[in-house]
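Data from my_file-v8.cif: mmCIF, C-alpha atoms
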data_data
#
loop_
_atom_site.label_atom_id
_atom_site.label_comp_id
_atom_site.auth_asym_id
_atom_site.auth_seq_id
_atom_site.Cartn_x
_atom_site.Cartn_y
_atom_site.Cartn_z
CA MET A 289 0.00 0.00 0.00
CA ARG A 290 1.79 3.04 -1.36
CA LEU A 291 0.27 5.41 1.27
CA LEU A 292 1.73 3.42 4.17
CA GLU A 293 5.12 2.90 2.47
CA GLU A 294 5.43 6.63 1.81
CA ARG A 295 4.53 7.38 5.42
CA ILE A 296 7.18 4.94 6.69
CA LEU A 297 9.80 6.64 4.50
CA LYS A 298 8.69 10.11 5.64
CA ASP A 299 8.20 9.54 9.40
CA GLY A 300 9.75 6.16 10.23
CA SER A 301 13.37 5.46 11.09
CA VAL A 302 15.65 2.47 11.53
CA ARG A 303 17.27 1.87 14.90
CA PRO A 304 20.03 -0.53 15.97
CA GLY A 305 18.68 -3.98 16.85
CA ASP A 306 16.57 -4.27 13.69
CA ILE A 307 13.95 -1.87 15.03
CA ILE A 308 11.64 0.03 12.69
CA LYS A 309 10.55 3.07 14.67
CA VAL A 310 7.08 4.19 13.59
CA ASP A 311 5.80 5.52 16.88
CA SER A 312 4.86 8.95 15.48
CA PHE A 313 1.94 7.47 13.53
CA LEU A 314 1.52 3.73 14.15
CA ASN A 315 2.11 2.62 17.72
CA HIS A 316 2.38 5.47 20.23
CA GLN A 317 0.90 8.51 18.50
CA LEU A 318 -1.66 7.08 16.08
CA ASP A 319 -2.83 8.52 12.78
CA VAL A 320 -6.34 7.06 12.83
CA GLN A 321 -7.20 8.54 9.40
CA LEU A 322 -4.35 6.43 7.99
CA PHE A 323 -5.77 3.42 9.87
CA ASP A 324 -9.11 4.07 8.19
CA GLU A 325 -7.43 3.90 4.76
CA MET A 326 -5.65 0.70 5.83
CA ALA A 327 -8.97 -0.78 6.96
CA LYS A 328 -10.51 -0.03 3.55
CA GLU A 329 -7.56 -1.72 1.84
CA TRP A 330 -7.99 -4.89 3.95
CA LYS A 331 -11.72 -4.81 3.18
CA ARG A 332 -10.81 -4.86 -0.52
CA LEU A 333 -8.12 -7.56 -0.14
CA PHE A 334 -10.37 -9.89 1.91
CA ALA A 335 -13.52 -9.19 -0.12
CA GLY A 336 -14.05 -12.88 -0.92
CA LYS A 337 -13.65 -14.09 2.65
CA GLU A 338 -16.28 -14.76 5.27
CA ILE A 339 -15.35 -12.71 8.35
CA ASN A 340 -17.53 -12.24 11.45
CA LYS A 341 -14.90 -11.29 14.03
CA ILE A 342 -11.55 -9.53 14.25
CA LEU A 343 -8.89 -10.70 16.70
CA THR A 344 -5.79 -8.82 17.83
CA ILE A 345 -3.42 -8.71 20.80
CA GLU A 346 -2.87 -5.90 23.26
CA ALA A 347 -1.67 -3.23 23.14
CA SER A 348 -0.33 -1.72 19.92
CA GLY A 349 -2.60 -3.69 17.57
CA ILE A 350 -5.84 -2.61 19.25
CA ALA A 351 -6.43 0.76 17.57
CA ILE A 352 -5.73 -0.56 14.06
CA ALA A 353 -7.96 -3.56 14.70
CA ALA A 354 -10.77 -1.40 16.17
CA ILE A 355 -10.95 0.76 13.08
CA ALA A 356 -10.78 -2.35 10.88
CA ALA A 357 -13.67 -3.86 12.88
CA LEU A 358 -15.69 -0.69 12.26
CA GLU A 359 -15.00 -0.98 8.52
CA PHE A 360 -15.90 -4.71 8.42
CA GLY A 361 -18.95 -4.19 10.67
CA VAL A 362 -17.94 -6.97 13.09
CA PRO A 363 -16.93 -7.15 16.77
CA LEU A 364 -13.30 -6.99 17.85
CA VAL A 365 -11.79 -9.31 20.45
CA PHE A 366 -8.37 -8.54 21.85
CA ALA A 367 -6.23 -11.23 23.44
CA LYS A 368 -4.82 -10.21 26.80
CA LYS A 369 -1.23 -10.68 27.85
CA SER A 370 -1.79 -11.76 31.45
CA ALA A 371 -4.63 -12.81 33.73
CA THR A 372 -6.34 -9.86 35.43
CA THR A 373 -8.80 -10.13 38.29
CA ASN A 374 -11.78 -9.25 36.12
CA ILE A 375 -11.36 -11.74 33.29
CA ASP A 376 -13.07 -15.14 33.39
CA LYS A 377 -11.06 -18.17 34.38
CA GLU A 378 -12.70 -19.87 31.40
CA VAL A 379 -10.09 -18.89 28.84
CA TYR A 380 -8.15 -20.26 25.91
CA SER A 381 -4.48 -19.57 26.53
CA THR A 382 -1.13 -20.07 24.87
CA LYS A 383 2.46 -19.11 25.57
CA VAL A 384 4.22 -16.58 23.35
CA TYR A 385 7.92 -15.70 23.38
CA SER A 386 8.59 -11.94 23.24
CA TYR A 387 11.83 -11.14 21.40
CA THR A 388 11.53 -7.52 22.59
CA HIS A 389 11.36 -8.43 26.27
CA GLN A 390 13.16 -11.79 25.93
CA LYS A 391 10.67 -13.77 27.95
CA ASP A 392 7.53 -15.87 27.63
CA TYR A 393 4.12 -14.45 28.40
CA ASN A 394 0.61 -15.90 28.40
CA VAL A 395 -1.97 -14.82 25.86
CA LEU A 396 -5.61 -15.30 26.83
CA VAL A 397 -9.04 -15.09 25.22
CA SER A 398 -12.26 -15.83 27.08
CA LYS A 399 -14.01 -18.95 25.75
CA LYS A 400 -17.19 -16.88 25.55
CA TYR A 401 -15.83 -14.71 22.75
CA LEU A 402 -14.32 -17.24 20.36
CA GLY A 403 -16.11 -20.37 19.16
CA PRO A 404 -16.55 -22.84 16.26
CA GLU A 405 -18.92 -20.45 14.44
CA ASP A 406 -16.27 -17.72 14.16
CA LYS A 407 -14.51 -16.79 10.92
CA VAL A 408 -11.67 -14.68 12.20
CA LEU A 409 -9.55 -11.97 10.62
CA ILE A 410 -6.40 -11.49 12.71
CA ILE A 411 -4.96 -7.94 12.66
CA ASP A 412 -1.63 -6.78 14.08
CA ASP A 413 0.73 -3.85 13.60
CA VAL A 414 4.07 -5.60 12.96
CA LEU A 415 5.02 -9.11 11.76
CA ALA A 416 8.62 -10.29 12.19
CA ASN A 417 9.31 -13.66 13.83
CA GLY A 418 5.62 -14.38 13.93
CA ALA A 419 5.57 -15.46 17.57
CA ALA A 420 2.57 -13.32 18.54
CA LEU A 421 0.75 -14.24 15.32
CA GLU A 422 1.34 -17.98 15.85
CA GLY A 423 -0.09 -17.50 19.35
CA LEU A 424 -3.23 -15.84 18.01
CA ILE A 425 -3.67 -18.60 15.40
CA ALA A 426 -3.30 -21.20 18.17
CA LEU A 427 -6.07 -19.46 20.16
CA VAL A 428 -8.39 -19.48 17.12
CA GLU A 429 -7.68 -23.18 16.57
CA SER A 430 -8.24 -24.00 20.27
CA ALA A 431 -11.69 -22.49 19.91
CA GLY A 432 -12.47 -24.59 16.81
CA ALA A 433 -12.83 -21.31 14.89
CA THR A 434 -11.45 -20.58 11.41
CA VAL A 435 -8.69 -18.16 10.45
CA SER A 436 -10.12 -16.31 7.43
CA GLY A 437 -6.99 -14.24 7.00
CA VAL A 438 -4.30 -12.11 8.56
CA GLY A 439 -3.92 -8.35 8.06
CA ILE A 440 -0.59 -6.78 9.04
CA ALA A 441 0.49 -3.15 8.79
CA ILE A 442 4.26 -3.68 8.50
CA GLU A 443 5.96 -7.01 7.75
CA LYS A 444 9.68 -7.52 7.92
CA GLY A 445 9.85 -9.64 4.75
CA TYR A 446 13.35 -10.93 5.57
CA MET A 447 12.13 -12.46 8.85
CA PRO A 448 10.48 -15.91 8.99
CA GLY A 449 7.02 -15.03 10.35
CA GLY A 450 5.20 -14.27 7.10
CA LYS A 451 6.44 -17.36 5.28
CA LEU A 452 5.61 -19.66 8.22
CA VAL A 453 1.99 -18.54 8.21
CA ARG A 454 1.56 -18.39 4.40
CA ASP A 455 2.98 -21.93 4.16
CA ARG A 456 -0.01 -23.07 6.24
CA GLY A 457 -2.29 -21.80 3.46
CA ILE A 458 -3.42 -18.69 5.33
CA GLN A 459 -3.93 -15.46 3.33
CA VAL A 460 -1.62 -12.84 4.86
CA GLU A 461 -1.99 -9.26 3.61
CA SER A 462 0.79 -7.00 4.82
CA LEU A 463 0.28 -3.42 3.69
CA ALA A 464 4.02 -2.64 3.69
CA VAL A 465 6.65 -5.38 3.37
CA ILE A 466 10.16 -4.22 4.24
CA SER A 467 12.72 -6.22 2.24
CA LYS A 468 15.79 -4.54 3.72
CA MET A 469 16.65 -1.85 6.24
CA ASP A 470 19.92 -0.46 7.55
CA ASP A 471 20.32 1.51 10.78
CA ARG A 472 23.67 3.01 9.69
CA THR A 473 22.45 4.52 6.41
CA GLY A 474 18.79 4.80 7.42
CA GLU A 475 17.82 3.07 4.17
CA ILE A 476 14.44 1.29 4.02
CA ARG A 477 13.53 -0.84 0.98
CA PHE A 478 10.16 -2.43 0.25
CA ALA A 479 9.35 -5.71 -1.49
CA GLY A 480 8.80 -5.29 -5.22
CA GLU A 481 11.09 -2.26 -5.46
CA GLU A 482 14.14 -3.91 -7.00
CA MET B 140 -26.46 7.95 27.24
CA ARG B 141 -29.48 5.68 27.17
CA LEU B 142 -27.98 3.28 24.57
CA LEU B 143 -24.98 2.50 26.80
CA GLU B 144 -27.08 2.23 29.99
CA GLU B 145 -29.42 -0.24 28.29
CA ARG B 146 -26.48 -2.27 27.06
CA ILE B 147 -24.98 -2.41 30.57
CA LEU B 148 -28.33 -3.66 31.95
CA LYS B 149 -28.64 -6.23 29.14
CA ASP B 150 -25.07 -7.59 28.95
CA GLY B 151 -23.24 -6.34 32.04
CA SER B 152 -23.15 -7.95 35.45
CA VAL B 153 -22.01 -7.09 38.96
CA ARG B 154 -19.31 -9.20 40.58
CA PRO B 155 -18.02 -9.31 44.15
CA GLY B 156 -15.33 -6.70 44.81
CA ASP B 157 -17.31 -3.84 43.26
CA ILE B 158 -16.59 -5.08 39.74
CA ILE B 159 -18.84 -4.13 36.83
CA LYS B 160 -18.27 -6.83 34.25
CA VAL B 161 -18.76 -5.48 30.74
CA ASP B 162 -16.26 -7.58 28.86
CA SER B 163 -18.77 -8.87 26.31
CA PHE B 164 -18.97 -5.44 24.64
CA LEU B 165 -16.61 -2.90 26.23
CA ASN B 166 -13.23 -4.26 27.24
CA HIS B 167 -12.48 -7.74 25.92
CA GLN B 168 -14.96 -8.34 23.10
CA LEU B 169 -15.66 -4.86 21.74
CA ASP B 170 -18.82 -3.61 20.04
CA VAL B 171 -17.18 -0.99 17.85
CA GLN B 172 -20.54 0.17 16.41
CA LEU B 173 -21.52 1.12 19.96
CA PHE B 174 -18.17 2.92 20.33
CA ASP B 175 -18.99 4.88 17.17
CA GLU B 176 -22.27 6.06 18.76
CA MET B 177 -20.37 6.95 21.95
CA ALA B 178 -17.84 8.94 19.90
CA LYS B 179 -20.67 10.91 18.27
CA GLU B 180 -22.13 11.66 21.71
CA TRP B 181 -18.79 13.01 22.97
CA LYS B 182 -18.48 15.08 19.77
CA ARG B 183 -21.82 16.66 20.66
CA LEU B 184 -20.98 17.13 24.36
CA PHE B 185 -17.59 18.75 23.64
CA ALA B 186 -18.80 20.77 20.64
CA GLY B 187 -17.64 24.09 22.16
CA LYS B 188 -14.15 22.87 23.08
CA GLU B 189 -10.93 23.15 21.13
CA ILE B 190 -9.50 19.63 20.78
CA ASN B 191 -6.51 18.66 18.63
CA LYS B 192 -5.46 15.41 20.30
CA ILE B 193 -6.96 12.49 22.20
CA LEU B 194 -5.05 10.81 25.02
CA THR B 195 -5.79 7.44 26.62
CA ILE B 196 -3.94 4.72 28.50
CA GLU B 197 -3.30 1.16 27.44
CA ALA B 198 -4.94 -1.25 27.04
CA SER B 199 -8.71 -1.23 27.44
CA GLY B 200 -9.20 2.46 26.61
CA ILE B 201 -7.42 2.29 23.26
CA ALA B 202 -10.22 1.05 21.00
CA ILE B 203 -12.79 3.53 22.37
CA ALA B 204 -10.27 6.36 22.06
CA ALA B 205 -9.27 5.32 18.51
CA ILE B 206 -12.84 5.50 17.27
CA ALA B 207 -13.33 8.81 19.10
CA ALA B 208 -10.16 10.15 17.42
CA LEU B 209 -11.60 9.14 14.04
CA GLU B 210 -14.83 11.01 14.85
CA PHE B 211 -12.97 14.14 16.07
CA GLY B 212 -10.48 13.97 13.17
CA VAL B 213 -7.43 14.23 15.45
CA PRO B 214 -4.49 11.94 16.32
CA LEU B 215 -4.61 9.58 19.29
CA VAL B 216 -1.75 9.16 21.76
CA PHE B 217 -1.83 6.31 24.21
CA ALA B 218 0.19 6.40 27.41
CA LYS B 219 2.19 3.24 28.01
CA LYS B 220 2.34 1.40 31.28
CA SER B 221 6.05 0.53 31.30
CA ALA B 222 9.20 1.38 29.36
CA THR B 223 9.72 -0.84 26.34
CA THR B 224 12.94 -1.06 24.33
CA ASN B 225 11.53 0.84 21.38
CA ILE B 226 10.14 3.92 23.10
CA ASP B 227 12.24 7.09 23.46
CA LYS B 228 13.93 7.78 26.77
CA GLU B 229 12.63 11.31 26.36
CA VAL B 230 9.30 10.78 28.09
CA TYR B 231 6.94 12.42 30.53
CA SER B 232 6.17 9.92 33.26
CA THR B 233 4.10 9.61 36.40
CA LYS B 234 3.29 6.90 38.93
CA VAL B 235 -0.22 5.46 39.11
CA TYR B 236 -1.57 3.11 41.77
CA SER B 237 -3.59 0.21 40.37
CA TYR B 238 -6.38 -0.89 42.71
CA THR B 239 -6.94 -3.94 40.49
CA HIS B 240 -3.35 -5.16 40.77
CA GLN B 241 -2.59 -3.42 44.08
CA LYS B 242 0.70 -1.94 42.97
CA ASP B 243 2.22 1.19 41.45
CA TYR B 244 3.13 1.34 37.78
CA ASN B 245 4.73 3.97 35.59
CA VAL B 246 2.76 5.73 32.88
CA LEU B 247 4.76 7.23 30.03
CA VAL B 248 4.22 9.48 27.05
CA SER B 249 6.99 10.53 24.67
CA LYS B 250 7.74 14.27 24.88
CA LYS B 251 7.49 14.36 21.08
CA TYR B 252 3.75 13.65 21.14
CA LEU B 253 2.49 16.03 23.81
CA GLY B 254 3.38 19.73 23.97
CA PRO B 255 2.17 23.22 24.97
CA GLU B 256 0.18 23.56 21.73
CA ASP B 257 -2.02 20.54 22.54
CA LYS B 258 -5.68 20.79 23.60
CA VAL B 259 -6.31 17.30 24.87
CA LEU B 260 -9.46 15.24 25.27
CA ILE B 261 -8.75 12.34 27.64
CA ILE B 262 -10.79 9.19 26.98
CA ASP B 263 -11.01 6.07 29.16
CA ASP B 264 -13.38 3.15 29.63
CA VAL B 265 -14.02 3.20 33.39
CA LEU B 266 -13.67 5.91 36.08
CA ALA B 267 -13.72 4.87 39.74
CA ASN B 268 -10.98 6.10 42.09
CA GLY B 269 -9.59 8.25 39.32
CA ALA B 270 -5.98 7.11 39.79
CA ALA B 271 -5.35 6.46 36.09
CA LEU B 272 -7.18 9.65 35.10
CA GLU B 273 -5.18 11.77 37.57
CA GLY B 274 -2.03 10.22 36.04
CA LEU B 275 -3.10 11.19 32.52
CA ILE B 276 -3.94 14.74 33.65
CA ALA B 277 -0.49 14.96 35.30
CA LEU B 278 1.14 13.95 31.98
CA VAL B 279 -0.80 16.63 30.09
CA GLU B 280 0.22 19.25 32.66
CA SER B 281 3.89 18.11 32.56
CA ALA B 282 3.80 18.81 28.82
CA GLY B 283 2.36 22.30 29.34
CA ALA B 284 -0.67 21.16 27.35
CA THR B 285 -4.33 21.83 28.20
CA VAL B 286 -6.99 19.33 29.27
CA SER B 287 -10.01 20.29 27.14
CA GLY B 288 -12.16 17.60 28.71
CA VAL B 289 -12.53 14.02 29.83
CA GLY B 290 -14.79 11.43 28.18
CA ILE B 291 -15.55 8.27 30.15
CA ALA B 292 -17.70 5.31 29.14
CA ILE B 293 -18.73 4.12 32.62
CA GLU B 294 -18.28 6.11 35.83
CA LYS B 295 -18.91 4.69 39.28
CA GLY B 296 -20.65 7.79 40.61
CA TYR B 297 -20.31 6.69 44.23
CA MET B 298 -16.50 6.58 43.94
CA PRO B 299 -14.38 9.73 44.38
CA GLY B 300 -12.68 9.96 40.94
CA GLY B 301 -15.31 11.98 39.07
CA LYS B 302 -15.77 14.58 41.81
CA LEU B 303 -12.00 15.05 42.24
CA VAL B 304 -11.56 15.90 38.57
CA ARG B 305 -14.74 18.02 38.22
CA ASP B 306 -13.70 20.03 41.29
CA ARG B 307 -10.63 21.12 39.32
CA GLY B 308 -12.96 22.71 36.77
CA ILE B 309 -12.49 20.03 34.13
CA GLN B 310 -15.53 19.01 32.03
CA VAL B 311 -16.04 15.28 32.57
CA GLU B 312 -18.64 13.54 30.39
CA SER B 313 -19.39 10.01 31.52
CA LEU B 314 -21.87 8.29 29.22
CA ALA B 315 -23.21 6.02 31.97
CA VAL B 316 -22.93 6.95 35.65
CA ILE B 317 -23.66 4.06 38.00
CA SER B 318 -25.12 5.36 41.28
CA LYS B 319 -25.44 1.98 42.97
CA MET B 320 -24.78 -1.67 42.24
CA ASP B 321 -25.17 -4.86 44.20
CA ASP B 322 -23.44 -8.15 43.44
CA ARG B 323 -25.93 -10.19 45.50
CA THR B 324 -29.08 -8.99 43.75
CA GLY B 325 -27.40 -8.02 40.47
CA GLU B 326 -29.09 -4.62 40.63
CA ILE B 327 -27.51 -1.72 38.73
CA ARG B 328 -28.87 1.84 39.13
CA PHE B 329 -27.85 4.89 37.13
CA ALA B 330 -27.60 8.54 38.23
CA GLY B 331 -30.82 10.46 37.62
CA GLU B 332 -33.01 7.38 37.96
CA GLU B 333 -34.35 8.01 41.45
#

Would you mind writing the file's structure down as structure tokens?
Amino acid sequence: MRLLEERILKDGSVRPGDIIKVDSFLNHQLDVQLFDEMAKEWKRLFAGKEINKILTIEASGIAIAAIAALEFGVPLVFAKKSATTNIDKEVYSTKVYSYTHQKDYNVLVSKKYLGPEDKVLIIDDVLANGAALEGLIALVESAGATVSGVGIAIEKGYMPGGKLVRDRGIQVESLAVISKMDDRTGEIRFAGEE
Amino acid sequence: MRLLEERILKDGSVRPGDIIKVDSFLNHQLDVQLFDEMAKEWKRLFAGKEINKILTIEASGIAIAAIAALEFGVPLVFAKKSATTNIDKEVYSTKVYSYTHQKDYNVLVSKKYLGPEDKVLIIDDVLANGAALEGLIALVESAGATVSGVGIAIEKGYMPGGKLVRDRGIQVESLAVISKMDDRTGEIRFAGEE
């Protein structure tokens, strides 16, 4: 999606440790008008698919997924990263390894909000190793629900996550796929550019 | 807001420990069409106010605030609950006590995304003691920005948070104000009903 790629080039930056810093518009300050355009693009890309629920994971995916849910006209469920006192004990849960924090955490969804009748579009902001995404897919499968597709804002195309999920036959639509980035030169290249 | 009150009566429940459980539509599974109606109501209630940014706190406020930001046509900033490796060290921060988890946590906003030019509408899902809200107001004040108002989905009217903030002259618009609830009988009463 040219609009998102141009925004990454304009306002994003590359930091040591393979970090794409997009917190001025994607995951700290949020340009919700951009999210609305992204939502419309996913609506177009998943036009053939049956979707009655959107699933994401807290926290940085929630705003993108909420605006996508509004565009698709379906409810949003967000998976929580740890048990809180006011969530049901009746949950689906799975362990996810966080490369950012270098530890495992639990991801939970109440059994009331995911079931065999659900055709789920998973939305997240960034796809790299795919650990969080694999966790969300595992939750959908635990519930006997179907993954209708995966919508990602930014995929690191040189990391294994995207291929792992596509190889399972799941439609993954990443609106910007970074093929190469360099924190010394600041260069960011997108798939299909060379 | 009658629509939200009716939904709380229909799908909410009262749990021991003064918990209003609304996770089927407000903070785990999210009815984003309802959020869109709530956003329009806040737009009406804050019609006279200058607002160029919306501020919330992760995680359960984000979706409501994102859809409000779309309605107001302004960016959303969400305060983060702990330092992560890919947030700037240049942050405003304040300590907030969590009654749910019974401990202090840090709340952070990058200095880049809040400044003296900002007229901020704070949005959150639930207001009770007001600890999180006081933290958000402190962040706005640290930045030299102005609090234009506060929009809350559900306020516990019998708890001190709302009064504390209104006594400072801040316009607080809670779309449903619970005046009384009882976990034994399941009764929920709203302000203005008796």

Q. Can you list, as a PyMOL selection string, the residues that the PyMOL selection byres ((chain B) within 6 of (chain A)) selects here?
A. chain B and resi 167-171+198+201-202+205+209+214-217

Q: Taking the file above as input, evaluate the PyMOL selection byres ((chain B and resi 276) around 12) and report the hits as a ChimeraX atom specification.
A: /B:194-196,218,231-235,246,248,253,258-262,269-275,277-289,303-304,307,309

Q.
Which residues, named as in the file, does the PyMOL selection byres ((chain B and resi 293) around 8) pick out? Answer as a list in words.
A. Asp264, Val265, Leu266, Ile291, Ala292, Glu294, Lys295, Ser313, Leu314, Ala315, Val316 and Ile317 of chain B

With C-alpha atoms kept, could you save the residues just selected as a short mmCIF file (atom, residue, chain, number, x, y, z; two decimals), in the coordinates of the input?
data_model
loop_
_atom_site.label_atom_id
_atom_site.label_comp_id
_atom_site.auth_asym_id
_atom_site.auth_seq_id
_atom_site.Cartn_x
_atom_site.Cartn_y
_atom_site.Cartn_z
CA ASP B 264 -13.38 3.15 29.63
CA VAL B 265 -14.02 3.20 33.39
CA LEU B 266 -13.67 5.91 36.08
CA ILE B 291 -15.55 8.27 30.15
CA ALA B 292 -17.70 5.31 29.14
CA GLU B 294 -18.28 6.11 35.83
CA LYS B 295 -18.91 4.69 39.28
CA SER B 313 -19.39 10.01 31.52
CA LEU B 314 -21.87 8.29 29.22
CA ALA B 315 -23.21 6.02 31.97
CA VAL B 316 -22.93 6.95 35.65
CA ILE B 317 -23.66 4.06 38.00
#

Q: Name the residues, using the chain letters and numbers of the file, that sit within 10 Å of (18.2, 0.1, 12.2) when counting all atoms listed in the file, and give them as a PyMOL selection string.
A: chain A and resi 301-309+468-476

(Q) If I take atom CA of Phe360 of chain A and atom CA of Ile190 of chain B, how far is one from the other in Å, to one decimal? (A)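 Atom CA of Ile190 of chain B lies 28.0 Å from atom CA of Phe360 of chain A.
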
Q. Distance atom CA of Leu247 of chain B-atom CA of Ser221 of chain B, one decimal place?
A.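 Computed distance, atom CA of Leu247 of chain B to atom CA of Ser221 of chain B, equals 6.9 Å.
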
Q.
I'd like the interatomic distance between atom CA of Glu312 of chain B and atom CA of Lys188 of chain B, to a tenth of an Å.
A.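 Interatomic distance here is 12.7 Å.
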